[in-house]
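For reference, target-v3.cif (mmCIF, C-alpha atoms):
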```
data_model
loop_
_atom_site.label_atom_id
_atom_site.label_comp_id
_atom_site.auth_asym_id
_atom_site.auth_seq_id
_atom_site.Cartn_x
_atom_site.Cartn_y
_atom_site.Cartn_z
CA MET S 1 40.30 11.35 -30.69
CA GLN S 2 37.64 12.21 -33.25
CA LEU S 3 40.28 12.29 -36.00
CA LEU S 4 41.51 8.81 -35.03
CA THR S 5 37.96 7.48 -34.97
CA THR S 6 37.29 8.98 -38.39
CA ALA S 7 40.51 7.48 -39.80
CA LEU S 8 39.62 3.99 -38.58
CA THR S 9 35.98 3.85 -39.67
CA GLY S 10 34.40 3.39 -43.05
CA TRP S 11 36.54 2.51 -46.02
CA ARG S 12 39.60 4.45 -44.78
CA TRP S 13 41.31 1.74 -42.70
CA PRO S 14 40.91 -1.07 -45.28
CA ALA S 15 42.24 1.31 -47.95
CA PHE S 16 45.21 2.23 -45.74
CA ALA S 17 45.89 -1.47 -45.00
CA LEU S 18 45.81 -2.11 -48.74
CA ALA S 19 48.28 0.72 -49.36
CA ALA S 20 50.54 -0.46 -46.52
CA SER S 21 50.61 -3.96 -48.02
CA ALA S 22 51.48 -2.59 -51.44
CA LEU S 23 54.20 -0.45 -49.86
CA MET S 24 55.70 -3.47 -48.05
CA LEU S 25 55.76 -5.42 -51.33
CA ALA S 26 57.33 -2.46 -53.12
CA ALA S 27 60.01 -2.17 -50.42
CA ALA S 28 60.78 -5.89 -50.74
CA HIS S 29 61.17 -5.53 -54.49
CA VAL S 30 63.39 -2.46 -54.06
CA PHE S 31 65.69 -4.45 -51.77
CA GLU S 32 65.68 -7.25 -54.32
CA ILE S 33 66.31 -5.18 -57.42
CA ILE S 34 68.32 -2.18 -56.23
CA GLY S 35 69.92 -3.83 -53.19
CA ASN S 36 70.62 -7.02 -55.15
CA LEU S 37 69.23 -9.13 -52.28
CA ALA S 38 67.68 -12.27 -53.71
CA PRO S 39 64.75 -13.52 -51.62
CA CYS S 40 64.88 -16.89 -49.90
CA PRO S 41 61.79 -19.15 -49.92
CA LEU S 42 60.64 -17.82 -46.53
CA CYS S 43 61.01 -14.24 -47.77
CA LEU S 44 58.70 -15.12 -50.65
CA ARG S 45 56.27 -16.74 -48.20
CA GLN S 46 56.11 -13.45 -46.26
CA ARG S 47 55.23 -11.63 -49.47
CA GLU S 48 52.36 -14.05 -50.13
CA VAL S 49 50.63 -12.76 -47.00
CA TYR S 50 50.61 -9.23 -48.41
CA TRP S 51 49.41 -10.41 -51.82
CA ALA S 52 46.58 -12.31 -50.13
CA LEU S 53 45.67 -9.25 -48.08
CA ILE S 54 45.57 -7.05 -51.17
CA ALA S 55 43.29 -9.48 -53.01
CA MET S 56 41.01 -9.93 -50.00
CA THR S 57 40.80 -6.21 -49.23
CA LEU S 58 40.10 -5.21 -52.83
CA THR S 59 37.35 -7.82 -52.96
CA GLY S 60 35.98 -6.67 -49.61
CA LEU S 61 35.96 -2.99 -50.53
CA THR S 62 34.28 -3.79 -53.85
CA TRP S 63 31.66 -5.89 -52.09
CA TRP S 64 31.15 -3.19 -49.45
CA ARG S 65 30.47 -0.70 -52.25
CA PHE S 66 27.36 -2.71 -53.15
CA VAL S 67 26.39 -3.70 -49.60
CA PRO S 68 27.46 -0.75 -47.40
CA LYS S 69 26.78 -2.22 -43.97
CA ARG S 70 28.92 -1.49 -40.93
CA ARG S 71 28.76 -5.13 -39.86
CA PHE S 72 30.52 -6.02 -43.07
CA LEU S 73 33.26 -3.47 -42.34
CA VAL S 74 33.71 -4.90 -38.85
CA ALA S 75 34.17 -8.37 -40.35
CA LEU S 76 36.52 -7.04 -43.04
CA ASN S 77 38.67 -5.26 -40.45
CA VAL S 78 38.83 -8.41 -38.33
CA LEU S 79 39.84 -10.45 -41.38
CA ILE S 80 42.50 -7.89 -42.27
CA GLY S 81 43.81 -8.13 -38.71
CA LEU S 82 43.89 -11.93 -38.90
CA VAL S 83 45.84 -11.86 -42.16
CA PHE S 84 48.35 -9.50 -40.55
CA VAL S 85 48.59 -11.97 -37.63
CA VAL S 86 49.49 -14.67 -40.15
CA GLY S 87 52.18 -12.27 -41.39
CA VAL S 88 53.49 -11.95 -37.83
CA ILE S 89 53.66 -15.73 -37.49
CA VAL S 90 55.47 -16.24 -40.80
CA ALA S 91 57.91 -13.40 -40.05
CA ALA S 92 58.55 -14.69 -36.51
CA TYR S 93 59.25 -18.15 -37.88
CA HIS S 94 61.66 -16.73 -40.45
CA ALA S 95 63.41 -14.62 -37.81
CA GLY S 96 63.58 -17.71 -35.59
CA VAL S 97 65.24 -19.63 -38.42
CA GLU S 98 67.73 -16.78 -38.84
CA TRP S 99 68.53 -16.85 -35.10
CA GLY S 100 68.83 -20.65 -35.10
CA ILE S 101 65.79 -21.14 -32.87
CA PHE S 102 63.86 -23.13 -35.47
CA PRO S 103 65.23 -25.49 -38.11
CA PRO S 104 64.86 -24.19 -41.66
CA PRO S 105 62.26 -25.93 -43.80
CA SER S 106 63.42 -28.18 -46.62
CA GLY S 107 64.45 -26.18 -49.67
CA CYS S 108 65.82 -23.32 -47.59
CA SER S 109 69.51 -24.07 -47.78
CA THR S 110 72.09 -22.43 -50.01
CA GLY S 111 72.61 -24.18 -53.29
CA PRO S 112 71.48 -24.38 -56.87
CA ALA S 113 67.82 -24.66 -57.72
CA VAL S 114 66.18 -25.40 -61.04
CA ASP S 115 64.57 -22.35 -62.62
CA PRO S 116 60.89 -23.32 -63.05
CA PHE S 117 60.46 -20.62 -65.68
CA ALA S 118 63.33 -21.75 -67.90
CA ILE S 119 62.00 -22.45 -71.37
CA GLY S 120 63.63 -25.19 -73.37
CA ASN S 121 66.75 -25.73 -71.26
CA LEU S 122 65.81 -27.38 -67.96
CA ASP S 123 69.44 -27.36 -66.84
CA GLN S 124 69.38 -23.65 -66.03
CA VAL S 125 69.95 -23.09 -62.34
CA PHE S 126 70.19 -20.10 -60.05
CA GLU S 127 71.56 -19.68 -56.55
CA LEU S 128 69.02 -19.61 -53.72
CA PRO S 129 70.02 -17.72 -50.58
CA ALA S 130 69.74 -19.65 -47.35
CA CYS S 131 66.81 -18.81 -45.10
CA ASN S 132 69.03 -18.66 -42.03
CA ASP S 133 71.40 -15.99 -43.41
CA ALA S 134 70.04 -12.50 -42.80
CA PRO S 135 71.78 -10.01 -45.10
CA PHE S 136 71.84 -7.29 -42.40
CA TYR S 137 70.37 -6.24 -39.07
CA ILE S 138 68.94 -2.87 -38.06
CA LEU S 139 68.63 -2.28 -34.30
CA GLY S 140 69.07 -6.01 -33.77
CA LEU S 141 66.29 -7.08 -36.13
CA SER S 142 66.59 -8.54 -39.61
CA MET S 143 64.23 -7.71 -42.44
CA ALA S 144 62.05 -10.64 -41.31
CA GLY S 145 62.00 -9.26 -37.77
CA TRP S 146 60.98 -5.80 -38.93
CA ASN S 147 58.34 -7.33 -41.17
CA GLY S 148 56.91 -9.02 -38.06
CA VAL S 149 56.90 -5.74 -36.14
CA VAL S 150 55.13 -3.90 -38.97
CA SER S 151 52.59 -6.74 -39.34
CA ALA S 152 51.92 -6.74 -35.57
CA VAL S 153 51.28 -2.98 -35.54
CA LEU S 154 48.99 -3.23 -38.57
CA ALA S 155 47.12 -6.16 -36.98
CA ALA S 156 46.57 -4.19 -33.77
CA ILE S 157 45.28 -1.18 -35.73
CA SER S 158 42.98 -3.47 -37.73
CA PHE S 159 41.43 -4.90 -34.58
CA ALA S 160 41.09 -1.38 -33.15
CA ALA S 161 39.36 -0.30 -36.38
CA ALA S 162 36.98 -3.26 -36.05
CA ALA S 163 36.20 -2.32 -32.44
CA ILE S 164 35.64 1.36 -33.25
CA THR S 165 33.45 0.47 -36.23
CA PHE S 166 31.49 -2.00 -34.09
CA ARG S 167 30.95 0.58 -31.35
CA SER S 168 29.78 3.19 -33.85
CA TYR S 169 27.42 0.57 -35.31
CA ARG S 170 26.03 -0.27 -31.87
CA SER S 171 25.42 3.39 -31.01
CA ALA S 172 23.84 4.21 -34.36
#
```

Just dump the structure as structure tokens.
Amino acid sequence: MQLLTTALTGWRWPAFALAASALMLAAAHVFEIIGNLAPCPLCLRQREVYWALIAMTLTGLTWWRFVPKRRFLVALNVLIGLVFVVGVIVAAYHAGVEWGIFPPPSGCSTGPAVDPFAIGNLDQVFELPACNDAPFYILGLSMAGWNGVVSAVLAAISFAAAAITFRSYRSA
């Protein structure tokens, strides 16, 4: 129990959450580049959550370096947990679109899209994958579903880290 408490207090949990976010982004890019699985707009939206978490956590850890107060770490861990909850919501919505529970948002259907980074020739197009077509399922869950599971676990750990940090602050 002491090892778990030590792992979830101080800078350790925010640093682990930062590393987990970077790992999730790296895995997404590996699937994209090596697996040749182009991301749909909802896939990209899920990645934005991790990018936001990385920026927020780096800022928080930098700020904490100058103002090392436990209350700040409690707030940072709660914010990290809330960002992971947003990740759960986005992933659940995407999985719901894949299962046909929710309608896909506009711009999420298969077809050509204009490349916004094309220089000179605005007629260049690329094929967008549809948001409702999961490329594969593992144990009944698509990549969006697994992203939701990972985000939910990380959110729960973040809230536990906030609670443990708060309790250690109260007893100190």

What separation in Å, quoted to one decimal, exists between atom CA of Phe31 of chain S and atom CA of Gly145 of chain S?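 Computing the Euclidean distance for atom CA of Phe31 of chain S and atom CA of Gly145 of chain S yields 15.3 Å.
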
Taking the file as I've supplied it (selection: the PyMOL selection byres ((chain S and resi 141) around 12)), which residues are included? Please answer as a PyMOL selection string. chain S and resi 91-92+94-96+98-99+134-140+142-150

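Checking S:Ala160, S:Leu23, S:Leu76, S:Val86 one by one against Thr59 of chain S, counting all atoms listed in the file, you find the shortest gap at S:Leu76.
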
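What the PyMOL selection byres ((chain S and resi 132) around 6) picks from this file is Val97, Glu98, Ala130, Cys131 and Asp133 of chain S.
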
Could you tell me which residues the PyMOL selection byres ((chain S and resi 154) around 9) returns for this structure, as a compact mmCIF listing (two decimals) with C-alpha atoms, in the frame of the given file?
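The resulting expr_18.txt:
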```
# COMPACT_ATOMS: atom_id res chain seq x y z
CA ALA S 17 45.89 -1.47 -45.00
CA ALA S 20 50.54 -0.46 -46.52
CA ILE S 80 42.50 -7.89 -42.27
CA GLY S 81 43.81 -8.13 -38.71
CA PHE S 84 48.35 -9.50 -40.55
CA VAL S 85 48.59 -11.97 -37.63
CA VAL S 149 56.90 -5.74 -36.14
CA VAL S 150 55.13 -3.90 -38.97
CA SER S 151 52.59 -6.74 -39.34
CA ALA S 152 51.92 -6.74 -35.57
CA VAL S 153 51.28 -2.98 -35.54
CA ALA S 155 47.12 -6.16 -36.98
CA ALA S 156 46.57 -4.19 -33.77
CA ILE S 157 45.28 -1.18 -35.73
CA SER S 158 42.98 -3.47 -37.73
CA PHE S 159 41.43 -4.90 -34.58
```

Atom CA of Tyr93 of chain S and atom CA of Pro105 of chain S, how far apart in Å?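 That distance, rounded to one decimal, is 10.2 Å.
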
Would you mind listing what lies within 12 Å of Ala28 of chain S as a PyMOL selection string, with only C-alpha atoms counted and same-chain residues fewer than 3 positions away left out? chain S and resi 21-25+31-40+43-44+46-48+50+143-144+146-147

Because some atoms of segment 62-75 of chain S are absent here, can you restore N, CA and C atoms and send them as an mmCIF file, keeping the file's coordinate frame?
```cif
data_model
loop_
_atom_site.group_PDB
_atom_site.id
_atom_site.type_symbol
_atom_site.label_atom_id
_atom_site.label_comp_id
_atom_site.auth_asym_id
_atom_site.auth_seq_id
_atom_site.Cartn_x
_atom_site.Cartn_y
_atom_site.Cartn_z
ATOM 1 N N THR S 62 35.206 -3.750 -52.708
ATOM 2 C CA THR S 62 34.280 -3.790 -53.850
ATOM 3 C C THR S 62 32.917 -4.289 -53.393
ATOM 4 N N TRP S 63 32.913 -5.347 -52.605
ATOM 5 C CA TRP S 63 31.660 -5.890 -52.090
ATOM 6 C C TRP S 63 30.956 -4.859 -51.203
ATOM 7 N N TRP S 64 31.724 -4.186 -50.352
ATOM 8 C CA TRP S 64 31.150 -3.190 -49.450
ATOM 9 C C TRP S 64 30.502 -2.054 -50.235
ATOM 10 N N ARG S 65 31.034 -1.760 -51.401
ATOM 11 C CA ARG S 65 30.470 -0.700 -52.250
ATOM 12 C C ARG S 65 29.020 -1.004 -52.603
ATOM 13 N N PHE S 66 28.715 -2.301 -52.786
ATOM 14 C CA PHE S 66 27.360 -2.710 -53.150
ATOM 15 C C PHE S 66 26.494 -3.014 -51.934
ATOM 16 N N VAL S 67 27.121 -3.403 -50.831
ATOM 17 C CA VAL S 67 26.390 -3.700 -49.600
ATOM 18 C C VAL S 67 27.049 -2.905 -48.466
ATOM 19 N N PRO S 68 26.770 -1.606 -48.388
ATOM 20 C CA PRO S 68 27.460 -0.750 -47.400
ATOM 21 C C PRO S 68 26.905 -0.887 -45.981
ATOM 22 N N LYS S 69 27.224 -1.998 -45.349
ATOM 23 C CA LYS S 69 26.780 -2.220 -43.970
ATOM 24 C C LYS S 69 27.989 -2.201 -43.051
ATOM 25 N N ARG S 70 27.819 -1.575 -41.900
ATOM 26 C CA ARG S 70 28.920 -1.490 -40.930
ATOM 27 C C ARG S 70 29.346 -2.858 -40.440
ATOM 28 N N ARG S 71 28.406 -3.774 -40.302
ATOM 29 C CA ARG S 71 28.760 -5.130 -39.860
ATOM 30 C C ARG S 71 29.762 -5.757 -40.815
ATOM 31 N N PHE S 72 29.585 -5.486 -42.089
ATOM 32 C CA PHE S 72 30.520 -6.020 -43.070
ATOM 33 C C PHE S 72 31.905 -5.415 -42.875
ATOM 34 N N LEU S 73 31.966 -4.120 -42.591
ATOM 35 C CA LEU S 73 33.260 -3.470 -42.340
ATOM 36 C C LEU S 73 33.928 -4.006 -41.087
ATOM 37 N N VAL S 74 33.145 -4.302 -40.064
ATOM 38 C CA VAL S 74 33.710 -4.900 -38.850
ATOM 39 C C VAL S 74 34.359 -6.230 -39.216
ATOM 40 N N ALA S 75 33.632 -7.058 -39.947
ATOM 41 C CA ALA S 75 34.170 -8.370 -40.350
ATOM 42 C C ALA S 75 35.400 -8.207 -41.240
#
```
